[in-house]
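A.B. asks: Here's a structure for you.
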Amino acid sequence: GTEELIRKLHRDQTLSEEEWIQVIDGRTPKAAEYLFRLARQVRHAYYGRDVYIRGLIEFTNFCRNDCFYCGIRRSNPHVRRYRLTEDEILDCCRQSYGLGMRTFVLQGGEDSFFTNQRLTGLIRQIKAAFPDCALTLSVGERSRASYQAFLDAGADRYLLRHETFNAGHYAKLHPAQMSAAHRQACLFDLKSIGFQTGAGFMVGSPFQETRHLAQDMLFLKHLHPHMVGIGPFIPHRDTPFAGEKAGTLELTLYMLGLLRLMLPDVLLPATTALGSICDNGRELGILAGANVVMPNLSPRCHRKDYSLYNNKLDTGAESAEGLSELARRMEQIGYRIAVHRGDWRPCPDQA
Ligand code: 5AD
C-alpha cells in the first residue's frame, strides 16, 4: 500500500514513475501523517530544528514573459510597474541585515533594463557591503555566459523553478516562445557552473495530472538541486487562468514530505504561496519537512504591485518587519530561526 511505498522511498530515496503516481494518488490522512513523521526525522538529522531565513527583495515587476498563470505577465495592463534603484535595494539589505537576515534573494521579472552589466554591478556592491551574506538571484532564463558573469561577480545561489517538467503540460502554461527544454537546460547550466541551484514547481496548476508530478520528482532526482521551491497554484484575476481552481494545501504538504524523503539534504522553503492559502500554512510546511522561510523585504509601497497571484501575503510573519512574529510562530512548533547564511551542506555522516 501507500505506506509501504513511503517506507521504500525513505529507504531508497527513489521510486519509479509508476510508484510515484501510486504514492501520490494513494495518499490518505494516515499515510500523510506517517510521511510527515519520517520527513521530520530526516530533516532533523540533516538540519536539526533550525529554520533558515532568506530576505526576499522583489526588485522589478517588469517582465518580458507572458506566463498564463502569473499576475505580472507582460500583457497584464493593470500592473503598476516598478523598479527599485540600487540605493533602494541596498537599503532593503541594510534594514534586513539588522533583523538577522544573512541571505538576500534578488527576485524579479525578466526585465531587460537589468543588463548583465547592471546586475553584476549590483551584485558586487551588495557583496562588498555585506561580505558575510549570501546572495541569491532569481531573474529567470539567461545565457550560460551571463550566469557565469553573475557567479564571477559574487552571487552564490540561483532560483529558477522548472514549473513543470512535462513538455506538453509546460506548453499549456506558457506561450509558444517558452519551452520546458530551455528552462531545464538553464538549470543544468546553473548547477554546472557552480551555483547553489534551486528548481521547483507549482502544485495544482491547470491541466496538471499526477503523472506530471511524478515526472517532476524524477526530474528533480536527476538534477539533484540544492533547493526546491514548491507552492500551490493560486489564480490571479488578470490572467487567462483567473477562473481555474487553486492547488490545495493538502497536496502541497504531501509533496513537501515526499521531496524531503527523496532529497534528504535539500533546502526546502515553506513558500509564500503556502502561507497565503492557509493562515498557518508555513508552520504546516515546516512540520511536513520544509526548513526555509523567505520573508518579504521589498519596500512596503511596492509590495502590492508584485502580485503573482491574488491575496499574496506581504505583511505579518511574511515580512521583514514581522520577523518576531515569524520567530514566535516557529518557536510554537518547536523550531528556531537561524542567524547565518544557511548554506546547503552535505550531511556529515553521509557515506
Ligand atoms: N500561483 C502560484 N505560484 C505562482 N507563481 C507565479 N504565478 C503563480 C500563481 N498564480 C510562482 C512561479 C514562479 C514563482 C516566482 O512564483 O512558480 O516561478
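Identifiers for the C-alpha cells are assigned positionally: chains receive A, B, ... in sequence, residues are indexed from 1 per chain, and ligands are indexed from 1 in the order shown.
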Hey, which residues come within 10 Å of ligand 1 if we count only C-alpha atoms and all ligand atoms? Could you give them as JSON, numbers by chain?
C.D. replies: {"A": [58, 67, 68, 69, 70, 71, 72, 73, 107, 108, 109, 138, 139, 140, 159, 160, 161, 162, 163, 164, 199, 200, 201, 202, 203, 204, 205, 229, 230, 231, 232, 233, 234, 235, 236, 237, 239, 241, 242, 244, 246, 247, 271, 272, 273, 274, 276, 307, 308, 309, 310, 312]}
A.B. asks: Show me, as a PyMOL selection string, the residues that have an atom within 12 Å of Ser319 of chain A when counting only C-alpha atoms, minus same-chain residues fewer than 4 positions from it.
C.D. replies: chain A and resi 53-57+92+95-96+99+101+272+275+293-300+303+312-315+323-327
A.B. asks: Excluding Ile24 of chain A and its own-chain neighbours fewer than 4 positions away, which residues fall within 10 Å of it when counting only C-alpha atoms? Please give them as a PDB file with C-alpha atoms, in the first residue's frame.
C.D. replies:
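Contents of the output file part.pdb:
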```
ATOM      1  CA  THR A   2       0.880   3.673   0.194  1.00  0.00           C
ATOM      2  CA  LEU A   5       5.855   2.929  -0.828  1.00  0.00           C
ATOM      3  CA  ILE A   6       6.673   5.719   1.613  1.00  0.00           C
ATOM      4  CA  GLU A  19       5.318   4.172  -7.949  1.00  0.00           C
ATOM      5  CA  TRP A  20       5.345   7.964  -7.717  1.00  0.00           C
ATOM      6  CA  THR A  28      -4.704   9.228   2.890  1.00  0.00           C
ATOM      7  CA  ALA A  32       0.373  11.673   5.165  1.00  0.00           C
ATOM      8  CA  THR A 210      -0.480  13.062 -11.210  1.00  0.00           C
ATOM      9  CA  ARG A 211       1.845  11.756 -13.898  1.00  0.00           C
ATOM     10  CA  LEU A 213       4.040  15.457 -10.627  1.00  0.00           C
ATOM     11  CA  ALA A 214       5.680  12.031 -10.891  1.00  0.00           C
ATOM     12  CA  LEU A 251      -1.322  18.052  -1.777  1.00  0.00           C
ATOM     13  CA  TYR A 254       2.317  15.902   0.870  1.00  0.00           C
ATOM     14  CA  MET A 255       4.694  16.804  -1.976  1.00  0.00           C
ATOM     15  CA  LEU A 258       7.955  13.324  -0.443  1.00  0.00           C
TER      16      LEU A 258
END
```
A.B. asks: For Phe113 of chain A, which of A:Tyr97, A:Tyr47, A:Phe165, A:Phe59 is the closest residue, counting only C-alpha atoms?
C.D. replies: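 Smallest separation from Phe113 of chain A among the options: A:Phe59.
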A.B. asks: Which polymer residues have any atom within 8 Å of an atom of Leu249 of chain A, counting only C-alpha atoms, with same-chain residues fewer than 3 positions away left out, as a VMD selection string?
C.D. replies: chain A and resid 232 252 to 253 274 277 to 278 281
